[in-house]
Structure formats: structure tokens, C-alpha cells
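Data file: entry-v5.pdb. Format and content: PDB, C-alpha atoms and all ligand atoms.
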MODEL        1
ATOM      1  CA  MET A   1     126.427  12.436  19.522
ATOM      2  CA  LEU A   2     127.890  15.317  17.532
ATOM      3  CA  TYR A   3     130.160  14.146  14.724
ATOM      4  CA  LEU A   4     132.638  16.607  13.221
ATOM      5  CA  VAL A   5     133.482  15.044   9.886
ATOM      6  CA  GLY A   6     136.305  16.123   7.570
ATOM      7  CA  LEU A   7     135.413  15.881   3.868
ATOM      8  CA  GLY A   8     138.925  16.033   2.417
ATOM      9  CA  LEU A   9     139.931  18.370  -0.379
ATOM     10  CA  GLY A  10     138.739  17.164  -3.770
ATOM     11  CA  ASP A  11     135.189  15.938  -4.358
ATOM     12  CA  ALA A  12     132.389  13.877  -2.822
ATOM     13  CA  GLN A  13     134.448  10.680  -2.835
ATOM     14  CA  ASP A  14     137.120  12.041  -0.516
ATOM     15  CA  ILE A  15     135.075  11.456   2.637
ATOM     16  CA  THR A  16     136.480   8.543   4.688
ATOM     17  CA  VAL A  17     134.572   5.271   5.083
ATOM     18  CA  LYS A  18     134.161   6.082   8.786
ATOM     19  CA  GLY A  19     132.914   9.569   7.928
ATOM     20  CA  LEU A  20     130.375   8.259   5.433
ATOM     21  CA  GLN A  21     129.047   5.695   7.914
ATOM     22  CA  ALA A  22     128.564   8.440  10.506
ATOM     23  CA  VAL A  23     126.817  10.741   8.004
ATOM     24  CA  ARG A  24     124.421   7.992   6.952
ATOM     25  CA  ARG A  25     123.297   7.302  10.510
ATOM     26  CA  CYS A  26     122.768  10.961  11.484
ATOM     27  CA  ARG A  27     119.337  12.533  11.825
ATOM     28  CA  ARG A  28     120.583  15.979  10.743
ATOM     29  CA  VAL A  29     123.665  16.718   8.660
ATOM     30  CA  TYR A  30     125.059  20.256   8.401
ATOM     31  CA  LEU A  31     127.539  21.344   5.742
ATOM     32  CA  GLU A  32     129.800  24.178   6.886
ATOM     33  CA  ALA A  33     129.734  26.471   3.882
ATOM     34  CA  TYR A  34     131.967  29.461   4.521
ATOM     35  CA  THR A  35     135.589  28.525   5.238
ATOM     36  CA  SER A  36     136.300  26.245   2.282
ATOM     37  CA  VAL A  37     134.713  24.450  -0.679
ATOM     38  CA  LEU A  38     135.161  21.245  -2.678
ATOM     39  CA  THR A  39     135.213  21.138  -6.482
ATOM     40  CA  VAL A  40     131.612  19.891  -6.353
ATOM     41  CA  GLY A  41     128.533  21.477  -4.806
ATOM     42  CA  LYS A  42     125.969  20.472  -2.170
ATOM     43  CA  GLU A  43     123.798  18.470  -4.598
ATOM     44  CA  ALA A  44     126.678  16.198  -5.654
ATOM     45  CA  LEU A  45     127.493  15.554  -1.998
ATOM     46  CA  GLU A  46     123.853  14.779  -1.196
ATOM     47  CA  GLU A  47     123.691  12.309  -4.041
ATOM     48  CA  PHE A  48     126.892  10.516  -3.031
ATOM     49  CA  TYR A  49     126.164  10.504   0.722
ATOM     50  CA  GLY A  50     122.489   9.616   0.172
ATOM     51  CA  LYS A  51     121.528  12.266   2.690
ATOM     52  CA  GLU A  52     120.005  15.734   2.647
ATOM     53  CA  LEU A  53     122.413  18.447   3.811
ATOM     54  CA  ILE A  54     121.608  21.683   5.643
ATOM     55  CA  LEU A  55     123.899  24.563   4.648
ATOM     56  CA  ALA A  56     125.432  26.173   7.734
ATOM     57  CA  ASP A  57     126.678  29.727   7.206
ATOM     58  CA  ARG A  58     128.926  31.585   9.645
ATOM     59  CA  GLU A  59     125.957  33.175  11.413
ATOM     60  CA  MET A  60     124.298  29.834  12.034
ATOM     61  CA  VAL A  61     127.475  28.260  13.414
ATOM     62  CA  GLU A  62     128.516  31.215  15.537
ATOM     63  CA  GLN A  63     125.184  32.611  16.691
ATOM     64  CA  GLU A  64     122.666  29.819  16.372
ATOM     65  CA  ALA A  65     124.823  26.942  17.541
ATOM     66  CA  ASP A  66     122.163  25.838  20.019
ATOM     67  CA  SER A  67     119.676  25.072  17.237
ATOM     68  CA  LEU A  68     122.411  23.202  15.392
ATOM     69  CA  LEU A  69     123.107  21.135  18.507
ATOM     70  CA  LYS A  70     119.414  20.614  19.354
ATOM     71  CA  GLU A  71     118.725  17.061  20.545
ATOM     72  CA  ALA A  72     122.277  15.980  19.737
ATOM     73  CA  ASP A  73     122.308  14.392  23.199
ATOM     74  CA  VAL A  74     119.574  11.934  22.131
ATOM     75  CA  CYS A  75     120.209  11.576  18.399
ATOM     76  CA  ASP A  76     123.182  11.808  16.024
ATOM     77  CA  VAL A  77     124.016  15.096  14.312
ATOM     78  CA  ALA A  78     126.902  15.621  11.871
ATOM     79  CA  PHE A  79     128.784  18.800  11.087
ATOM     80  CA  LEU A  80     130.723  18.455   7.825
ATOM     81  CA  VAL A  81     133.834  20.534   7.194
ATOM     82  CA  VAL A  82     135.810  20.637   3.927
ATOM     83  CA  GLY A  83     139.379  19.491   4.599
ATOM     84  CA  ASP A  84     139.853  18.582   8.259
ATOM     85  CA  PRO A  85     137.511  19.942  10.960
ATOM     86  CA  PHE A  86     140.536  21.349  12.744
ATOM     87  CA  GLY A  87     142.552  22.427   9.685
ATOM     88  CA  ALA A  88     143.147  26.199   9.545
ATOM     89  CA  THR A  89     139.900  27.612  10.943
ATOM     90  CA  THR A  90     139.133  25.479  13.954
ATOM     91  CA  HIS A  91     135.679  24.668  15.131
ATOM     92  CA  SER A  92     136.597  24.540  18.802
ATOM     93  CA  ASP A  93     133.714  26.886  19.701
ATOM     94  CA  LEU A  94     131.185  24.318  18.579
ATOM     95  CA  VAL A  95     132.961  21.560  20.504
ATOM     96  CA  LEU A  96     133.117  23.647  23.683
ATOM     97  CA  ARG A  97     129.433  24.480  23.383
ATOM     98  CA  ALA A  98     128.538  20.814  22.896
ATOM     99  CA  VAL A  99     130.586  19.810  25.937
ATOM    100  CA  LYS A 100     128.835  22.483  28.046
ATOM    101  CA  LEU A 101     125.475  21.073  26.970
ATOM    102  CA  GLY A 102     126.595  17.556  27.931
ATOM    103  CA  ILE A 103     126.652  16.397  24.297
ATOM    104  CA  PRO A 104     129.345  13.823  23.479
ATOM    105  CA  TYR A 105     131.339  14.442  20.298
ATOM    106  CA  LYS A 106     133.639  12.566  17.915
ATOM    107  CA  VAL A 107     136.018  13.944  15.293
ATOM    108  CA  ILE A 108     136.531  12.041  12.039
ATOM    109  CA  HIS A 109     139.660  13.486  10.477
ATOM    110  CA  ASN A 110     140.593  13.916   6.839
ATOM    111  CA  ALA A 111     143.300  15.524   4.692
ATOM    112  CA  SER A 112     143.706  19.267   5.179
ATOM    113  CA  ILE A 113     145.310  21.939   3.030
ATOM    114  CA  MET A 114     147.636  22.350   6.026
ATOM    115  CA  ASN A 115     149.318  19.029   5.242
ATOM    116  CA  ALA A 116     148.407  18.446   1.591
ATOM    117  CA  VAL A 117     150.660  21.341   0.505
ATOM    118  CA  GLY A 118     153.525  18.898   1.065
ATOM    119  CA  CYS A 119     152.677  17.722  -2.503
ATOM    120  CA  CYS A 120     154.915  20.495  -3.901
ATOM    121  CA  GLY A 121     157.980  18.972  -2.222
ATOM    122  CA  LEU A 122     158.535  21.490   0.561
ATOM    123  CA  GLN A 123     159.007  19.778   3.932
ATOM    124  CA  LEU A 124     156.087  20.358   6.293
ATOM    125  CA  TYR A 125     158.582  20.533   9.172
ATOM    126  CA  ASN A 126     160.154  23.623   7.612
ATOM    127  CA  PHE A 127     157.025  25.777   7.673
ATOM    128  CA  GLY A 128     156.561  28.683  10.061
ATOM    129  CA  GLU A 129     153.323  30.413  11.068
ATOM    130  CA  THR A 130     150.506  30.106   8.496
ATOM    131  CA  VAL A 131     148.974  33.401   7.376
ATOM    132  CA  SER A 132     145.707  34.464   5.782
ATOM    133  CA  ILE A 133     145.897  37.029   2.988
ATOM    134  CA  VAL A 134     142.699  39.093   2.952
ATOM    135  CA  PHE A 135     141.171  41.041   0.053
ATOM    136  CA  TRP A 136     142.133  44.704   0.230
ATOM    137  CA  THR A 137     139.518  47.383  -0.250
ATOM    138  CA  ASP A 138     140.054  51.044  -1.246
ATOM    139  CA  THR A 139     140.172  52.023   2.416
ATOM    140  CA  TRP A 140     141.469  48.901   4.165
ATOM    141  CA  LYS A 141     144.868  47.506   3.243
ATOM    142  CA  PRO A 142     146.234  45.481   6.174
ATOM    143  CA  GLU A 143     149.859  44.307   5.990
ATOM    144  CA  SER A 144     150.215  42.148   9.104
ATOM    145  CA  PHE A 145     150.432  38.957   7.003
ATOM    146  CA  PHE A 146     153.499  40.397   5.256
ATOM    147  CA  ASP A 147     155.316  40.920   8.567
ATOM    148  CA  LYS A 148     154.662  37.297   9.518
ATOM    149  CA  ILE A 149     155.982  36.057   6.157
ATOM    150  CA  GLU A 150     159.084  38.223   6.617
ATOM    151  CA  LYS A 151     159.629  36.788  10.101
ATOM    152  CA  ASN A 152     159.274  33.209   8.854
ATOM    153  CA  ARG A 153     161.710  33.896   6.021
ATOM    154  CA  GLN A 154     164.257  35.490   8.365
ATOM    155  CA  ASN A 155     164.067  32.234  10.348
ATOM    156  CA  GLY A 156     164.539  30.166   7.161
ATOM    157  CA  MET A 157     160.917  28.938   7.300
ATOM    158  CA  HIS A 158     158.397  28.626   4.465
ATOM    159  CA  THR A 159     155.015  30.348   4.790
ATOM    160  CA  LEU A 160     151.700  28.852   3.759
ATOM    161  CA  CYS A 161     149.383  31.703   2.750
ATOM    162  CA  LEU A 162     145.694  30.799   2.806
ATOM    163  CA  LEU A 163     143.700  33.088   0.557
ATOM    164  CA  ASP A 164     140.541  34.985   1.378
ATOM    165  CA  ILE A 165     137.036  33.763   0.628
ATOM    166  CA  LYS A 166     134.479  36.588   0.678
ATOM    167  CA  VAL A 167     130.856  35.705   1.193
ATOM    168  CA  LYS A 168     128.756  38.853   0.965
ATOM    169  CA  GLU A 169     125.068  39.581   1.687
ATOM    170  CA  GLN A 170     123.430  40.589  -1.583
ATOM    171  CA  SER A 171     121.670  43.770  -0.605
ATOM    172  CA  LEU A 172     120.704  45.849   2.369
ATOM    173  CA  GLU A 173     117.045  45.455   1.420
ATOM    174  CA  ASN A 174     117.233  41.677   1.680
ATOM    175  CA  LEU A 175     118.999  42.038   4.993
ATOM    176  CA  MET A 176     116.283  44.341   6.311
ATOM    177  CA  LYS A 177     113.618  41.851   5.254
ATOM    178  CA  GLY A 178     115.512  39.191   7.173
ATOM    179  CA  ARG A 179     116.338  37.384   3.923
ATOM    180  CA  LYS A 180     119.752  35.929   3.473
ATOM    181  CA  ILE A 181     120.564  35.891  -0.205
ATOM    182  CA  TYR A 182     124.241  35.680  -0.941
ATOM    183  CA  GLU A 183     126.181  36.980  -3.883
ATOM    184  CA  PRO A 184     128.417  34.275  -5.314
ATOM    185  CA  PRO A 185     131.509  34.110  -3.089
ATOM    186  CA  ARG A 186     134.774  35.689  -4.257
ATOM    187  CA  TYR A 187     137.866  33.548  -3.970
ATOM    188  CA  MET A 188     141.295  35.181  -3.914
ATOM    189  CA  SER A 189     143.625  33.868  -6.622
ATOM    190  CA  VAL A 190     147.385  33.374  -6.405
ATOM    191  CA  ASN A 191     147.715  36.305  -8.873
ATOM    192  CA  GLN A 192     145.809  38.652  -6.564
ATOM    193  CA  ALA A 193     147.738  37.524  -3.480
ATOM    194  CA  ALA A 194     151.072  38.023  -5.279
ATOM    195  CA  GLU A 195     150.000  41.480  -6.469
ATOM    196  CA  GLN A 196     149.185  42.543  -2.907
ATOM    197  CA  LEU A 197     152.566  41.265  -1.669
ATOM    198  CA  LEU A 198     154.373  43.093  -4.501
ATOM    199  CA  ALA A 199     152.507  46.308  -3.630
ATOM    200  CA  ILE A 200     153.653  46.040   0.000
ATOM    201  CA  ILE A 201     157.265  45.501  -1.107
ATOM    202  CA  GLN A 202     157.099  48.650  -3.264
ATOM    203  CA  LYS A 203     155.531  50.679  -0.486
ATOM    204  CA  ARG A 204     158.130  49.588   2.072
ATOM    205  CA  ARG A 205     160.998  50.400  -0.282
ATOM    206  CA  LEU A 206     159.575  53.902  -0.701
ATOM    207  CA  GLN A 207     159.618  54.142   3.103
ATOM    208  CA  GLY A 208     163.344  53.329   3.062
ATOM    209  CA  GLU A 209     163.009  49.689   4.184
ATOM    210  CA  LYS A 210     164.708  46.706   2.567
ATOM    211  CA  PRO A 211     162.209  43.838   2.715
ATOM    212  CA  GLU A 212     163.558  40.283   2.943
ATOM    213  CA  ILE A 213     160.972  39.158   0.375
ATOM    214  CA  THR A 214     161.522  40.525  -3.123
ATOM    215  CA  GLU A 215     160.085  40.100  -6.613
ATOM    216  CA  ASN A 216     162.596  37.244  -7.069
ATOM    217  CA  THR A 217     161.725  35.241  -3.956
ATOM    218  CA  ILE A 218     160.772  31.703  -4.936
ATOM    219  CA  CYS A 219     157.085  30.958  -4.343
ATOM    220  CA  VAL A 220     154.665  28.147  -5.102
ATOM    221  CA  GLY A 221     151.110  28.550  -6.333
ATOM    222  CA  LEU A 222     148.746  25.645  -5.690
ATOM    223  CA  ALA A 223     145.238  25.233  -7.054
ATOM    224  CA  ARG A 224     142.557  22.650  -6.280
ATOM    225  CA  VAL A 225     144.954  20.463  -4.298
ATOM    226  CA  GLY A 226     143.576  16.934  -4.050
ATOM    227  CA  ALA A 227     141.269  17.311  -7.053
ATOM    228  CA  LEU A 228     141.837  15.536 -10.368
ATOM    229  CA  ASP A 229     142.842  18.820 -12.026
ATOM    230  CA  GLU A 230     145.170  19.954  -9.223
ATOM    231  CA  LYS A 231     147.775  22.454 -10.444
ATOM    232  CA  ILE A 232     151.121  23.445  -8.923
ATOM    233  CA  ALA A 233     153.425  26.174 -10.259
ATOM    234  CA  SER A 234     156.722  27.365  -8.808
ATOM    235  CA  GLY A 235     158.607  30.513  -9.713
ATOM    236  CA  THR A 236     159.347  34.005  -8.497
ATOM    237  CA  LEU A 237     156.814  36.141  -6.655
ATOM    238  CA  GLN A 238     156.646  38.302  -9.783
ATOM    239  CA  GLN A 239     155.796  35.243 -11.892
ATOM    240  CA  MET A 240     153.063  34.279  -9.422
ATOM    241  CA  SER A 241     151.276  37.528 -10.255
ATOM    242  CA  THR A 242     150.589  36.289 -13.808
ATOM    243  CA  VAL A 243     150.673  32.481 -13.598
ATOM    244  CA  GLU A 244     147.487  30.730 -14.868
ATOM    245  CA  LEU A 245     146.126  28.348 -12.249
ATOM    246  CA  GLY A 246     142.446  28.257 -13.164
ATOM    247  CA  ALA A 247     139.453  27.843 -10.876
ATOM    248  CA  PRO A 248     139.563  28.166  -7.054
ATOM    249  CA  LEU A 249     140.668  27.255  -4.424
ATOM    250  CA  HIS A 250     144.198  28.635  -4.479
ATOM    251  CA  SER A 251     147.021  28.775  -1.900
ATOM    252  CA  LEU A 252     150.420  30.458  -2.096
ATOM    253  CA  ILE A 253     153.671  29.440  -0.426
ATOM    254  CA  VAL A 254     156.545  31.870   0.082
ATOM    255  CA  THR A 255     159.676  29.776   0.522
ATOM    256  CA  GLY A 256     162.309  30.221   3.210
ATOM    257  CA  THR A 257     165.668  28.447   3.094
ATOM    258  CA  MET A 258     165.494  25.335   0.955
ATOM    259  CA  HIS A 259     167.142  21.930   1.216
ATOM    260  CA  PRO A 260     168.552  20.770  -2.154
ATOM    261  CA  LEU A 261     165.846  18.082  -2.300
ATOM    262  CA  GLU A 262     163.125  20.655  -1.790
ATOM    263  CA  LEU A 263     164.619  22.767  -4.568
ATOM    264  CA  GLU A 264     164.829  19.726  -6.836
ATOM    265  CA  MET A 265     161.138  18.992  -6.250
ATOM    266  CA  LEU A 266     160.097  22.604  -6.873
ATOM    267  CA  LYS A 267     161.897  22.572 -10.212
ATOM    268  CA  LEU A 268     159.418  19.891 -11.357
ATOM    269  CA  PHE A 269     156.728  22.561 -11.244
ATOM    270  CA  SER A 270     158.692  25.578 -12.460
ATOM    271  CA  VAL A 271     157.048  28.055 -14.820
ATOM    272  CA  ASP A 272     160.526  28.983 -16.069
ATOM    273  CA  SER A 273     163.644  27.079 -14.937
ATOM    274  CA  SER A 274     165.809  30.214 -15.014
ATOM    275  CA  SER A 275     163.852  31.574 -12.000
ATOM    276  CA  PHE A 276     165.827  29.170  -9.837
ATOM    277  CA  GLU A 277     169.282  30.133 -11.089
ATOM    278  CA  ASN A 278     170.012  32.804  -8.496
ATOM    279  CA  ASN A 279     168.454  31.001  -5.582
ATOM    280  CA  ALA A 280     171.419  30.099  -3.457
ATOM    281  CA  CYS A 281     169.656  29.855  -0.099
ATOM    282  CA  GLN A 282     169.920  26.183   0.710
ATOM    283  CA  ARG A 283     169.776  24.322   3.984
ATOM    284  CA  THR A 284     171.943  21.278   4.519
ATOM    285  CA  THR A 285     169.886  19.315   7.013
TER     286      THR A 285
HETATM  287  C1  LIG B 301     140.207  28.699   5.955
HETATM  288  S1  LIG B 301     141.004  27.456   5.071
HETATM  289  C2  LIG B 301     140.067  26.022   5.533
HETATM  290  C3  LIG B 301     140.920  24.803   5.519
HETATM  291  C4  LIG B 301     140.171  23.468   5.599
HETATM  292  N1  LIG B 301     139.392  23.323   6.793
HETATM  293  C5  LIG B 301     141.213  22.358   5.524
HETATM  294  O1  LIG B 301     141.434  21.665   6.543
HETATM  295  O2  LIG B 301     141.814  22.202   4.451
HETATM  296  C6  LIG B 301     140.502  27.761   3.422
HETATM  297  C7  LIG B 301     141.633  28.211   2.533
HETATM  298  O3  LIG B 301     142.570  27.155   2.399
HETATM  299  C8  LIG B 301     143.052  27.090   1.070
HETATM  300  N2  LIG B 301     142.592  25.821   0.478
HETATM  301  C9  LIG B 301     141.672  24.967   0.985
HETATM  302  N3  LIG B 301     141.525  23.890   0.194
HETATM  303  C10 LIG B 301     142.370  24.060  -0.851
HETATM  304  C11 LIG B 301     142.703  23.291  -2.011
HETATM  305  N4  LIG B 301     142.106  22.120  -2.241
HETATM  306  N5  LIG B 301     143.650  23.773  -2.868
HETATM  307  C12 LIG B 301     144.276  24.952  -2.636
HETATM  308  N6  LIG B 301     143.996  25.716  -1.561
HETATM  309  C13 LIG B 301     143.069  25.294  -0.679
HETATM  310  C14 LIG B 301     142.467  28.282   0.300
HETATM  311  O4  LIG B 301     143.380  29.346   0.354
HETATM  312  C15 LIG B 301     141.202  28.542   1.115
HETATM  313  O5  LIG B 301     140.762  29.873   0.990
ENDMDL
END
Represent the structure of the file as C-alpha cells.
Amino acid sequence: MLYLVGLGLGDAQDITVKGLQAVRRCRRVYLEAYTSVLTVGKEALEEFYGKELILADREMVEQEADSLLKEADVCDVAFLVVGDPFGATTHSDLVLRAVKLGIPYKVIHNASIMNAVGCCGLQLYNFGETVSIVFWTDTWKPESFFDKIEKNRQNGMHTLCLLDIKVKEQSLENLMKGRKIYEPPRYMSVNQAAEQLLAIIQKRRLQGEKPEITENTICVGLARVGALDEKIASGTLQQMSTVELGAPLHSLIVTGTMHPLELEMLKLFSVDSSSFENNACQRTT
């Protein structure tokens, strides 16, 4: 049996009872280590689960899935995913491969950032398409996420922006020697995401456009949701570029049209209550 087990969002103790029971009876337990992280590392998980974990990087999951699934038809193998196994980045490929090999599978769900963002008071029903904001480089500055946020906002919908995690091979030499040594990952902060959005707004104005999203659009920055030191801050997009949210992981929400109750909730987390004064876009239902 292949078990896909969600680990939740905070620390080792967020695994479900069902998930923990499955992990403890598995012969091999893989920890998916590239789409998300908890506030604790592999060792803390191993100690709490009482089980050794094998780190699974993107290459292993995407190109060496057969070795991961080896003998899963005669013994139990677990694949652990931070959040929910089907939250944001899905692991359907692995499931399809298992099914093709005649391996039965079970999913043990957990909280995902996709639903936990409701903690800021915005209604999950009022969200449009989720976007991923990627790190820009000197030569690569995609803007497609901005167009999706604009579209959501035109439709009155909020946008959950998931922020890039960059895992980079350390050096070409290591690569050539077949060694995989990783630099510490880079996690995009709410400040960096807001700066990229502000840069796009400026650029579009120079091109004669009038973007729907402006420096004054109300946004929410969320850090370490589900952890003991979770932090939420609401304010304008401009304020998000300097707000202090601390360690990763971060997510950003660009609001659409708000119900008075949503607005009331957001004010609980405001960096400066005057940011909300000119926000008249309210829904009534
Ligand atoms: C590709 S998604 C993976 C989602 C995960 N499978 C889940 O179900 O929650 C990873 C991104 O979600 C956001 N994220 C995940 N966990 C978070 C948390 N606890 N607090 C804030 N943002 C989080 C970050 O932007 C992060 O880069």
C-alpha cells in the first residue's frame, strides 16, 4: 500500500492520529522536501514519529518514482507531504504511476495552506484562482500571476498568492560528479512579493495602462500559518512591502470585494487602521 500522508502546517505534532499510525507501520517513509516545509526539520519529525525518513527531492519524485514505489505492492510505503498531499502542488503523478503498477493507495488528509488562510477572516468561497509568485531574475521577469490577480479582482474575488521556494544545486562541479549538495533554499517573503507586484504596476502605468490593483489595494500577509508564532498583517500593498513577518513560510492575499464582516476581521490584523479608510468596495451577500 502507498500512503500519501498530509503533515499539516505547523510542527511534528500536526500529523493526524491516522497518519501517525500509517507512518509507524510503513517499511519505508519518504518526506517530500521541495514544495513546502514545517517549522521543524527532518530530525524533529523522525524523533516524534519514531521512524527514519528518506528525503525525497523533486528529481526523486518525478524521475525515480519507480524506486520510491518499489515493493509497495507487498509492503507499506508512506509519502509525507507538508500541508495536504493534494494542497496546491498535487501529487497526482505519483498516484497515477502507483495505479499503473497495480499498487493500492490511500490518502490521509490534513490542513492545507489552501484552507488555513481562512484564519485572516476572508471567506474561502470568495477566492478566485490561486497564483504562484516566482522569484524574478535579471533576465526573467514573468507577469502572468499579475494578470490572474487582476482578473480575480475584476470579478470581486480574493487571490491567494503562494510564494516561491528556490532549491538550487550548489555547484556545477558537484553536479558533474553526480553529487547532489543543495544550497539552503530561498523562500520568498511577503515584502519581496509585494515589491514585484508594485514594480509591475509601475511598469504598466508607464505603458499607459490603468491597473485594477494599486499601491492602496488591501492585502494580507500571512507567515507560518498553523505554527505557534503564526503572524497575520493586513494593510495596503505598499505596506506589505515593508511589513515585518519574520521567518518563512509566507503567503500573500490580494483582496477583491469585501463583505463588511470580512473587513471587520481584517481590521483585527491591520498594520495601520487608516489603511482601511478609503476602502469602500464591500459586498452585501
Ligand atoms: C506549493 S505550496 C504547498 C502547499 C502544501 N502542500 C499545503 O497543502 O499547504 C507552498 C507554498 O504555500 C505557502 N505556505 C505553505 N505553508 C504555509 C504556512 N504555514 N504559512 C504561510 N504560507 C504557507 C507558501 O507560500 C509556500 O511557498
- Task: Evaluate the PyMOL selection byres (((chain A and resi 148) around 9) and not hetatm) here and jot the selected residues down as a PyMOL selection string.
- Result: chain A and resi 128-131+144-147+149-153+159
- Task: With a distance cut-off of 9 Å and all atoms listed in the file, select the neighbouring residues of range 104-115 of chain A, excluding the residue or stretch itself and same-chain residues fewer than 3 positions from it, and output the selection as a VMD selection string.
- Result: chain A and resid 1 to 9 14 to 16 18 to 19 22 72 to 73 82 to 88 95 98 to 99 101 118 to 119 124 130 160 162 225 to 226 251
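Separating CA of Gly10 in chain A from CA of Gly41 in chain A is a distance of 11.1 Å.
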- Item | Given only C-alpha atoms as the counted atoms, nearest of A:Leu80, A:Cys120, A:Val23, A:Ala33 to Lys166 in chain A | A:Ala33
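With distances taken over all atoms listed in the file, A:His91 is the one residue among A:Lys267, A:Lys168, A:Lys100, A:His91 lying closest to ligand LIG 301 (chain B).
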Can you pull out the residues contacting Asp272 in chain A? Cut-off 10 Å, using all atoms listed in the file, and skip same-chain residues under 5 positions away; I want them as an mmCIF file with C-alpha atoms, keeping the file's coordinate frame.
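Result file result22.cif:
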data_model
loop_
_atom_site.group_PDB
_atom_site.id
_atom_site.type_symbol
_atom_site.label_atom_id
_atom_site.label_comp_id
_atom_site.auth_asym_id
_atom_site.auth_seq_id
_atom_site.Cartn_x
_atom_site.Cartn_y
_atom_site.Cartn_z
ATOM 1 C CA ALA A 233 153.425 26.174 -10.259
ATOM 2 C CA SER A 234 156.722 27.365 -8.808
ATOM 3 C CA GLY A 235 158.607 30.513 -9.713
ATOM 4 C CA THR A 236 159.347 34.005 -8.497
ATOM 5 C CA GLN A 239 155.796 35.243 -11.892
ATOM 6 C CA LYS A 267 161.897 22.572 -10.212
#
- the PyMOL selection byres (((chain A and resi 42-56) around 10) and not hetatm) on the file shown: which residues, as a PyMOL selection string? chain A and resi 7+11-13+15+19-21+23-34+37-41+57-62+64-65+68+78-80
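With only C-alpha atoms taken into account, the protein and nucleic acid residues at most 7 Å from Leu252 in chain A (excluding it and anything under 2 positions from it in its own chain) are Leu160, Cys161, Leu162, Val190, Val220, Gly221, Leu222, His250 and Val254 of chain A.
Of the listed residues A:Leu268, A:Ile133, A:Met157, A:Leu261, the one whose atoms come nearest to ligand LIG 301 (chain B) is A:Ile133, with distances taken using all atoms listed in the file.
CA of Arg205 in chain A to CA of Leu122 in chain A spans 29.0 Å [interatomic distance, one decimal].
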- Message: Restricting the calculation to all atoms listed in the file: of A:Asp229, A:Glu209, A:Glu264, A:Glu244, which residue gets closest to ligand LIG 301 (chain B)?
- Response: A:Asp229
